[in-house]
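Below is one structure, written out as structure tokens; comments come after it.
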Amino acid sequence: MATAISLSFSVDPQSHHNYFHHNTHKASIFTPKYTHPFILSSKKSHLTIPLSTSQPSSSTPFNQTGRFLTNQELEKLESLEKYRYFQELEKGSLWIQVMKEEEMDVTVWLLAESFAESMLMPKGYVKFLAYLVKQYMIERRAMMPHTATLLAFYRENGEEGDLQLAGTVEVCFDKRGANANPPTPTPPKNSPYICNMTVDKLLRRRGIGWHLLKACEELISQMSSSREVYLHCRMIDTAPLNMYRKAGYTIVETDNIFILLTLQRRKHLMCKVLPDSESPLEVDEFTSSVDT
């Protein structure tokens, strides 16, 4: 599976707030492995951090996002925190869940390296991109439960112990979670939107991107009343484009050729209408499995 990326944040550092504190020790945040679903272990720092979901309190509608939440938002936030997706693949097993705060740094480096690769940037720019991605992700995390970042963890068959971070994707559920500056062609702000999907370079062509997409659609069915889902795909990215078409997405608009004057790649805006759910999706312990 080739990487499927849409760069949906500004590359102008002046457009971001100054509350980001950059960790300059790349190895300590780029290389940790995960023991799913309860333990995050970093061999370098010898830290063990519980990943069990903390339940938001209905009596105090204020949580880690830094703003007061309604009861409905609290219920949706709790559903996101409990969400699990599991799939057996040909060569291993895949777990997908919503990113926790302690998993942000390692996700930042995965995205930064993927963005640098897709934009043909020298590796020296990865730290600069990581700076921008970190600020962007802090801002987006504050918009939960109107948006969420999913992480995919993978383990090869026959292996024991730690899981490997395999990929990530961002999904927006409604207008309140919509990105202020989305890529062109501009998707409707009141419709769910999928972006910033990437799969680790060493783990592509295993179906991980496909299941990240399916997990997004499953969450959208639970979290949003809208059934029209949008995403972008660059015209040159033939493998992701084929994947999206296979999943039922169709091209609704394409960038004008003059977008090349802004040093951007031309992109397709694609859309899929999800089937209506007659009843809330029933998922055993928020875990599901779909066919490849």
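Convention: chains lettered A, B, ... in structure tokens order; per-chain residue numbering from 1; ligands numbered from 1 as shown.
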| query | Hey, what's within 9 Å of segment 182-197 of chain A if we count only C-alpha atoms and toss same-chain stuff fewer than 2 positions away? As a ChimeraX atom specification, please? | reply | /A:3-9,111,167-180,199,209,212-213,216-217,220,224,226-232,253-256,259,266-270
| message | Could you pull out the helix (DSSP H, G or I) residues of segment 234-268 of chain A, going by DSSP on the backbone, and write them as a ChimeraX atom specification? | response | /A:238-246,257-262
| message | With only C-alpha atoms as the counted atoms, please give the residues lying no more than 10 Å from Ser79 of chain A, apart from itself and same-chain residues fewer than 5 positions off, as a PyMOL selection string. | response | chain A and resi 55+73-74+84+98+145+219+222-223+286
Include all heavy atoms and write out the residues we just selected as a PDB file, in the first residue's frame.
```pdb
ATOM      1  N   GLN A  55     -12.306   7.472  31.796  1.00  0.00           N
ATOM      2  CA  GLN A  55     -13.685   7.804  31.507  1.00  0.00           C
ATOM      3  C   GLN A  55     -13.969   9.247  31.888  1.00  0.00           C
ATOM      4  O   GLN A  55     -13.715   9.665  33.005  1.00  0.00           O
ATOM      5  CB  GLN A  55     -14.627   6.876  32.321  1.00  0.00           C
ATOM      6  CG  GLN A  55     -14.388   5.412  32.051  1.00  0.00           C
ATOM      7  CD  GLN A  55     -14.659   5.057  30.613  1.00  0.00           C
ATOM      8  OE1 GLN A  55     -15.545   5.626  29.996  1.00  0.00           O
ATOM      9  NE2 GLN A  55     -13.915   4.128  30.067  1.00  0.00           N
ATOM     10  N   GLU A  73     -21.510  15.735  23.692  1.00  0.00           N
ATOM     11  CA  GLU A  73     -20.100  15.683  23.314  1.00  0.00           C
ATOM     12  C   GLU A  73     -19.337  14.724  24.211  1.00  0.00           C
ATOM     13  O   GLU A  73     -18.444  14.007  23.751  1.00  0.00           O
ATOM     14  CB  GLU A  73     -19.494  17.081  23.391  1.00  0.00           C
ATOM     15  CG  GLU A  73     -19.919  18.000  22.256  1.00  0.00           C
ATOM     16  CD  GLU A  73     -19.345  19.387  22.396  1.00  0.00           C
ATOM     17  OE1 GLU A  73     -19.382  19.935  23.529  1.00  0.00           O
ATOM     18  OE2 GLU A  73     -18.865  19.949  21.400  1.00  0.00           O
ATOM     19  N   LEU A  74     -19.688  14.691  25.496  1.00  0.00           N
ATOM     20  CA  LEU A  74     -19.028  13.765  26.415  1.00  0.00           C
ATOM     21  C   LEU A  74     -19.299  12.323  26.030  1.00  0.00           C
ATOM     22  O   LEU A  74     -18.402  11.473  26.091  1.00  0.00           O
ATOM     23  CB  LEU A  74     -19.493  14.031  27.851  1.00  0.00           C
ATOM     24  CG  LEU A  74     -18.877  15.251  28.542  1.00  0.00           C
ATOM     25  CD1 LEU A  74     -19.608  15.539  29.846  1.00  0.00           C
ATOM     26  CD2 LEU A  74     -17.398  15.027  28.812  1.00  0.00           C
ATOM     27  N   ARG A  84     -12.370   0.419  19.183  1.00  0.00           N
ATOM     28  CA  ARG A  84     -11.346  -0.541  18.772  1.00  0.00           C
ATOM     29  C   ARG A  84     -11.769  -1.191  17.453  1.00  0.00           C
ATOM     30  O   ARG A  84     -12.951  -1.488  17.249  1.00  0.00           O
ATOM     31  CB  ARG A  84     -11.134  -1.636  19.825  1.00  0.00           C
ATOM     32  CG  ARG A  84     -10.665  -1.141  21.196  1.00  0.00           C
ATOM     33  CD  ARG A  84      -9.259  -0.588  21.160  1.00  0.00           C
ATOM     34  NE  ARG A  84      -8.803  -0.238  22.487  1.00  0.00           N
ATOM     35  CZ  ARG A  84      -8.997   0.938  23.072  1.00  0.00           C
ATOM     36  NH1 ARG A  84      -9.685   1.889  22.426  1.00  0.00           N
ATOM     37  NH2 ARG A  84      -8.551   1.183  24.284  1.00  0.00           N
ATOM     38  N   VAL A  98      -8.264   5.227  18.529  1.00  0.00           N
ATOM     39  CA  VAL A  98      -8.067   6.673  18.521  1.00  0.00           C
ATOM     40  C   VAL A  98      -6.777   7.011  19.264  1.00  0.00           C
ATOM     41  O   VAL A  98      -6.466   6.427  20.301  1.00  0.00           O
ATOM     42  CB  VAL A  98      -9.272   7.385  19.172  1.00  0.00           C
ATOM     43  CG1 VAL A  98      -9.033   8.890  19.295  1.00  0.00           C
ATOM     44  CG2 VAL A  98     -10.531   7.129  18.359  1.00  0.00           C
ATOM     45  N   PRO A 145     -14.844  15.924  20.411  1.00  0.00           N
ATOM     46  CA  PRO A 145     -15.071  14.732  19.590  1.00  0.00           C
ATOM     47  C   PRO A 145     -15.543  15.032  18.161  1.00  0.00           C
ATOM     48  O   PRO A 145     -16.125  14.154  17.522  1.00  0.00           O
ATOM     49  CB  PRO A 145     -16.168  14.027  20.366  1.00  0.00           C
ATOM     50  CG  PRO A 145     -17.009  15.170  20.879  1.00  0.00           C
ATOM     51  CD  PRO A 145     -16.027  16.260  21.228  1.00  0.00           C
ATOM     52  N   LEU A 219     -16.447   4.726  12.036  1.00  0.00           N
ATOM     53  CA  LEU A 219     -16.610   5.775  13.047  1.00  0.00           C
ATOM     54  C   LEU A 219     -17.571   6.856  12.571  1.00  0.00           C
ATOM     55  O   LEU A 219     -18.381   7.365  13.344  1.00  0.00           O
ATOM     56  CB  LEU A 219     -15.245   6.392  13.382  1.00  0.00           C
ATOM     57  CG  LEU A 219     -14.529   5.858  14.615  1.00  0.00           C
ATOM     58  CD1 LEU A 219     -13.221   6.613  14.831  1.00  0.00           C
ATOM     59  CD2 LEU A 219     -15.406   5.975  15.859  1.00  0.00           C
ATOM     60  N   GLN A 222     -21.046   6.038  13.123  1.00  0.00           N
ATOM     61  CA  GLN A 222     -21.456   6.154  14.516  1.00  0.00           C
ATOM     62  C   GLN A 222     -21.552   7.602  14.994  1.00  0.00           C
ATOM     63  O   GLN A 222     -22.414   7.943  15.802  1.00  0.00           O
ATOM     64  CB  GLN A 222     -20.456   5.420  15.419  1.00  0.00           C
ATOM     65  CG  GLN A 222     -20.348   3.935  15.188  1.00  0.00           C
ATOM     66  CD  GLN A 222     -19.331   3.291  16.112  1.00  0.00           C
ATOM     67  OE1 GLN A 222     -19.258   3.608  17.294  1.00  0.00           O
ATOM     68  NE2 GLN A 222     -18.536   2.388  15.576  1.00  0.00           N
ATOM     69  N   MET A 223     -20.670   8.456  14.477  1.00  0.00           N
ATOM     70  CA  MET A 223     -20.490   9.788  15.050  1.00  0.00           C
ATOM     71  C   MET A 223     -21.185  10.906  14.278  1.00  0.00           C
ATOM     72  O   MET A 223     -21.326  12.006  14.793  1.00  0.00           O
ATOM     73  CB  MET A 223     -18.994  10.109  15.133  1.00  0.00           C
ATOM     74  CG  MET A 223     -18.177   9.114  15.924  1.00  0.00           C
ATOM     75  SD  MET A 223     -18.474   9.221  17.703  1.00  0.00           S
ATOM     76  CE  MET A 223     -17.753  10.815  18.059  1.00  0.00           C
ATOM     77  N   PHE A 286     -16.562  -2.525  21.102  1.00  0.00           N
ATOM     78  CA  PHE A 286     -16.048  -1.562  20.152  1.00  0.00           C
ATOM     79  C   PHE A 286     -14.952  -2.147  19.267  1.00  0.00           C
ATOM     80  O   PHE A 286     -14.061  -1.481  18.800  1.00  0.00           O
ATOM     81  CB  PHE A 286     -15.528  -0.313  20.879  1.00  0.00           C
ATOM     82  CG  PHE A 286     -16.615   0.480  21.520  1.00  0.00           C
ATOM     83  CD1 PHE A 286     -17.069   0.140  22.773  1.00  0.00           C
ATOM     84  CD2 PHE A 286     -17.195   1.554  20.841  1.00  0.00           C
ATOM     85  CE1 PHE A 286     -18.078   0.864  23.372  1.00  0.00           C
ATOM     86  CE2 PHE A 286     -18.210   2.270  21.441  1.00  0.00           C
ATOM     87  CZ  PHE A 286     -18.662   1.927  22.716  1.00  0.00           C
TER      88      PHE A 286
END
```
| message | Ranking A:Met143, A:Leu120, A:Ala247, A:Ile257 by minimum distance to Leu69 of chain A and counting only C-alpha atoms, which one comes first? | response | A:Met143
